[in-house]
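Engineer: This is entry_10.pdb (PDB, C-alpha atoms and all ligand atoms).
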ATOM      1  CA  MET A1346      24.762  51.038  72.445
ATOM      2  CA  ARG A1347      26.367  48.595  74.839
ATOM      3  CA  VAL A1348      27.316  44.967  74.412
ATOM      4  CA  LEU A1349      25.364  43.377  77.242
ATOM      5  CA  ASP A1350      26.057  39.731  76.399
ATOM      6  CA  HIS A1351      29.367  39.046  74.658
ATOM      7  CA  PRO A1352      29.881  35.579  73.101
ATOM      8  CA  ILE A1353      33.341  35.211  74.690
ATOM      9  CA  LEU A1354      33.399  37.622  77.659
ATOM     10  CA  GLY A1355      29.894  36.741  78.854
ATOM     11  CA  ARG A1356      27.224  38.986  80.360
ATOM     12  CA  LEU A1357      27.987  42.534  81.469
ATOM     13  CA  GLU A1358      28.405  42.566  85.263
ATOM     14  CA  ALA A1359      25.930  44.649  87.249
ATOM     15  CA  ARG A1360      27.534  47.914  88.358
ATOM     16  CA  ARG A1361      26.366  50.983  90.185
ATOM     17  CA  LYS A1362      24.922  53.642  87.875
ATOM     18  CA  VAL A1363      26.251  57.163  88.313
ATOM     19  CA  THR A1364      25.720  60.443  86.528
ATOM     20  CA  ILE A1365      28.497  62.451  84.921
ATOM     21  CA  THR A1366      28.222  65.768  83.093
ATOM     22  CA  VAL A1367      29.399  65.864  79.485
ATOM     23  CA  ASP A1368      29.518  69.281  77.824
ATOM     24  CA  GLY A1369      26.892  70.455  80.294
ATOM     25  CA  GLN A1370      24.520  67.513  79.791
ATOM     26  CA  PRO A1371      23.922  64.684  82.295
ATOM     27  CA  VAL A1372      25.018  61.252  81.071
ATOM     28  CA  GLU A1373      24.359  57.962  82.847
ATOM     29  CA  ALA A1374      27.393  55.711  83.214
ATOM     30  CA  PHE A1375      28.553  52.691  85.146
ATOM     31  CA  GLU A1376      30.979  53.476  87.944
ATOM     32  CA  GLY A1377      34.474  52.336  87.026
ATOM     33  CA  GLU A1378      33.942  51.882  83.310
ATOM     34  CA  PRO A1379      36.187  53.943  81.007
ATOM     35  CA  ILE A1380      34.762  57.411  80.361
ATOM     36  CA  LEU A1381      34.988  56.675  76.640
ATOM     37  CA  ALA A1382      32.743  53.611  77.021
ATOM     38  CA  ALA A1383      30.051  55.735  78.649
ATOM     39  CA  LEU A1384      30.333  58.331  75.881
ATOM     40  CA  LEU A1385      30.095  55.734  73.110
ATOM     41  CA  ALA A1386      27.065  54.171  74.806
ATOM     42  CA  LYS A1387      25.439  57.605  74.657
ATOM     43  CA  GLY A1388      26.403  58.043  70.977
ATOM     44  CA  ILE A1389      29.093  60.652  71.627
ATOM     45  CA  ARG A1390      32.002  60.021  69.255
ATOM     46  CA  VAL A1391      33.955  63.286  69.232
ATOM     47  CA  ASN A1392      36.339  63.780  72.142
ATOM     48  CA  ARG A1393      38.514  66.608  70.922
ATOM     49  CA  ILE A1394      39.041  69.100  68.092
ATOM     50  CA  THR A1395      42.563  69.322  66.667
ATOM     51  CA  LYS A1396      44.543  72.533  67.063
ATOM     52  CA  LYS A1397      45.763  73.080  63.486
ATOM     53  CA  ARG A1398      42.983  71.768  61.237
ATOM     54  CA  HIS A1399      40.077  71.947  63.679
ATOM     55  CA  GLU A1400      39.123  68.340  62.892
ATOM     56  CA  PRO A1401      37.226  66.027  65.251
ATOM     57  CA  ARG A1402      38.993  63.096  66.892
ATOM     58  CA  GLY A1403      37.698  60.166  68.909
ATOM     59  CA  LEU A1404      38.389  56.542  69.732
ATOM     60  CA  PHE A1405      41.392  55.160  67.852
ATOM     61  CA  CYS A1406      43.591  52.776  69.851
ATOM     62  CA  GLY A1407      41.399  52.312  72.922
ATOM     63  CA  ILE A1408      44.419  51.392  75.066
ATOM     64  CA  GLY A1409      45.851  54.747  76.114
ATOM     65  CA  ARG A1410      48.547  55.123  73.458
ATOM     66  CA  CYS A1411      47.356  57.499  70.733
ATOM     67  CA  THR A1412      45.804  60.428  72.711
ATOM     68  CA  ASP A1413      42.981  60.855  70.187
ATOM     69  CA  CYS A1414      40.443  60.443  72.989
ATOM     70  CA  VAL A1415      41.769  63.165  75.293
ATOM     71  CA  MET A1416      39.216  65.449  76.918
ATOM     72  CA  VAL A1417      39.019  67.942  79.751
ATOM     73  CA  VAL A1418      38.037  65.995  82.881
ATOM     74  CA  ASN A1419      37.257  67.894  86.069
ATOM     75  CA  GLY A1420      39.060  70.914  84.593
ATOM     76  CA  VAL A1421      42.200  68.980  83.667
ATOM     77  CA  PRO A1422      43.000  68.845  79.928
ATOM     78  CA  ASN A1423      44.589  65.960  78.024
ATOM     79  CA  VAL A1424      42.990  63.150  80.047
ATOM     80  CA  ARG A1425      42.883  59.891  78.035
ATOM     81  CA  THR A1426      39.260  58.902  78.408
ATOM     82  CA  CYS A1427      39.769  55.334  77.151
ATOM     83  CA  VAL A1428      41.786  54.444  80.250
ATOM     84  CA  THR A1429      40.238  56.771  82.853
ATOM     85  CA  PRO A1430      37.442  55.292  84.972
ATOM     86  CA  VAL A1431      34.120  57.019  85.540
ATOM     87  CA  ALA A1432      33.410  58.438  88.989
ATOM     88  CA  GLU A1433      30.197  59.991  90.346
ATOM     89  CA  GLY A1434      29.844  63.697  89.614
ATOM     90  CA  MET A1435      32.697  63.887  87.121
ATOM     91  CA  THR A1436      32.611  66.707  84.555
ATOM     92  CA  VAL A1437      33.852  65.985  81.052
ATOM     93  CA  GLU A1438      34.248  68.494  78.234
ATOM     94  CA  THR A1439      35.207  68.233  74.576
ATOM     95  CA  GLN A1440      38.781  69.472  74.327
ATOM     96  CA  GLN A1441      39.556  72.314  71.932
ATOM     97  CA  GLY A1442      43.099  72.174  70.579
ATOM     98  CA  LEU A1443      45.679  71.576  73.273
ATOM     99  CA  GLY A1444      43.237  72.460  76.044
ATOM    100  CA  LYS A1445      43.487  75.026  78.787
ATOM    101  CA  TRP A1446      44.083  74.441  82.454
ATOM    102  CA  GLY A1447      41.131  75.354  84.629
ATOM    103  CA  LYS A1448      40.181  74.717  88.200
ATOM    104  CA  ALA A1449      40.638  71.042  89.107
ATOM    105  CA  LYS A1450      37.890  69.536  91.233
TER
HETATM  106  S1  LIG B1501      41.862  56.035  72.118
HETATM  107 FE1  LIG B1501      44.014  56.097  71.955
HETATM  108  S2  LIG B1501      44.634  56.913  73.899
HETATM  109 FE2  LIG B1501      42.505  56.687  74.060
END
Could I get this file's structure written as structure tokens?

Structural biologist:
Amino acid sequence: MRVLDHPILGRLEARRKVTITVDGQPVEAFEGEPILAALLAKGIRVNRITKKRHEPRGLFCGIGRCTDCVMVVNGVPNVRTCVTPVAEGMTVETQQGLGKWGKAK
């Protein structure tokens, strides 16, 4: 769900639609919006699984301070998705524990 017409901020500006891949599935997003916004619009609320208790984590602060929203983006772990803008062709994966470094794209 997206807020298309906010009582204070006004109507959502028209932006270019792009496709990103989230855990192997294509997800439509608006270029430049935070990755987390695109995920929430799609109904995806879990961004990572904690290392010790294997519990799900997702949006908490929304301003880049808590790290609950970190995911693996283009092979790079620990990317704060609430403050990282969407770009065409981006790959995003749910992070397990502390994450592992893969090939960056
Ligand atoms: S939700 Fe807290 S850093 Fe992203």

Engineer: Skip Gly1442 (chain A) itself and residues of its chain fewer than 3 positions away, then list as a count of residues only all residues within 6 Å of it, counting all atoms listed in the file.

Structural biologist: 3

Engineer: One number please: CA of Arg1390 (chain A) to CA of Cys1414 (chain A), in Å, one decimal.

Structural biologist: 9.2 Å

Engineer: For ligand LIG 1501 (chain B), which residue among A:Thr1439, A:Thr1412, A:Asn1423, A:Thr1364 is the nearest when counting all atoms listed in the file?

Structural biologist: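 With all atoms listed in the file as the atom set, the closest residue is A:Thr1412.
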
Engineer: Exactly which residues make up the result of the PyMOL selection byres (((not hetatm)) within 6 of (chain B and resi 1501)) on this file, given as a list in words?

Structural biologist: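 Selection result, ordered by chain and number: Leu1404, Phe1405, Cys1406, Gly1407, Ile1408, Gly1409, Arg1410, Cys1411, Thr1412, Asp1413, Cys1414, Arg1425, Thr1426 and Cys1427 of chain A.
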
Engineer: Determine, for each residue of region 1375-1420 of chain A having at least one atom at most 10 Å from an atom of region 1354-1363 of chain A, the closest pair of atoms and their separation in Å to one decimal, counting all atoms listed in the file; order by chain and ascending number, as a Markdown table.

Structural biologist:
| residue | atom | partner | partner_atom | distance |
| --- | --- | --- | --- | --- |
| A:Phe1375 | CA | A:Lys1362 | CA | 4.6 |
| A:Glu1376 | CA | A:Arg1361 | CA | 5.7 |
| A:Gly1377 | CA | A:Arg1360 | CA | 8.3 |
| A:Glu1378 | CA | A:Arg1360 | CA | 9.1 |

Engineer: As a check of understanding, name the residues that the PyMOL selection byres (((chain A and resi 1373) around 12) and not hetatm) selects in the supplied structure, as an NGL selection string.

Structural biologist: :A and (1360-1367 or 1370-1372 or 1374-1376 or 1378 or 1380 or 1382-1387 or 1431-1435)

Engineer: Taking C-alpha atoms for each residue, export the selection above as a short mmCIF file (atom, residue, chain, number, x, y, z; two decimals), in the coordinates of the input.

Structural biologist:
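To be explicit, this is the file written out as again01.cif:
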data_model
loop_
_atom_site.label_atom_id
_atom_site.label_comp_id
_atom_site.auth_asym_id
_atom_site.auth_seq_id
_atom_site.Cartn_x
_atom_site.Cartn_y
_atom_site.Cartn_z
CA ARG A 1360 27.53 47.91 88.36
CA ARG A 1361 26.37 50.98 90.18
CA LYS A 1362 24.92 53.64 87.88
CA VAL A 1363 26.25 57.16 88.31
CA THR A 1364 25.72 60.44 86.53
CA ILE A 1365 28.50 62.45 84.92
CA THR A 1366 28.22 65.77 83.09
CA VAL A 1367 29.40 65.86 79.48
CA GLN A 1370 24.52 67.51 79.79
CA PRO A 1371 23.92 64.68 82.30
CA VAL A 1372 25.02 61.25 81.07
CA ALA A 1374 27.39 55.71 83.21
CA PHE A 1375 28.55 52.69 85.15
CA GLU A 1376 30.98 53.48 87.94
CA GLU A 1378 33.94 51.88 83.31
CA ILE A 1380 34.76 57.41 80.36
CA ALA A 1382 32.74 53.61 77.02
CA ALA A 1383 30.05 55.74 78.65
CA LEU A 1384 30.33 58.33 75.88
CA LEU A 1385 30.10 55.73 73.11
CA ALA A 1386 27.06 54.17 74.81
CA LYS A 1387 25.44 57.60 74.66
CA VAL A 1431 34.12 57.02 85.54
CA ALA A 1432 33.41 58.44 88.99
CA GLU A 1433 30.20 59.99 90.35
CA GLY A 1434 29.84 63.70 89.61
CA MET A 1435 32.70 63.89 87.12
#

Engineer: Residue by residue, what does the PyMOL selection byres (((chain A and resi 1444) around 9) and not hetatm) grab here? Present the result as a ChimeraX atom specification.

Structural biologist: /A:1416-1417,1421-1423,1440-1443,1445-1446

Engineer: So, with all atoms listed in the file as the atoms that count, which of A:Asp1368, A:Val1437, A:Val1348, A:Pro1430 lies closest to Val1418 (chain A)?

Structural biologist: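 Smallest separation from Val1418 (chain A) among the options: A:Val1437.
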
Engineer: What does the distance from CA of Thr1436 (chain A) to CA of Arg1347 (chain A) come to in Å, to one decimal?

Structural biologist: 21.5 Å

Engineer: Measure the distance from CA of His1399 (chain A) to CA of Leu1381 (chain A) in Å and round it to one decimal.

Structural biologist: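 Result for CA of His1399 (chain A) versus CA of Leu1381 (chain A): 20.7 Å, one decimal.
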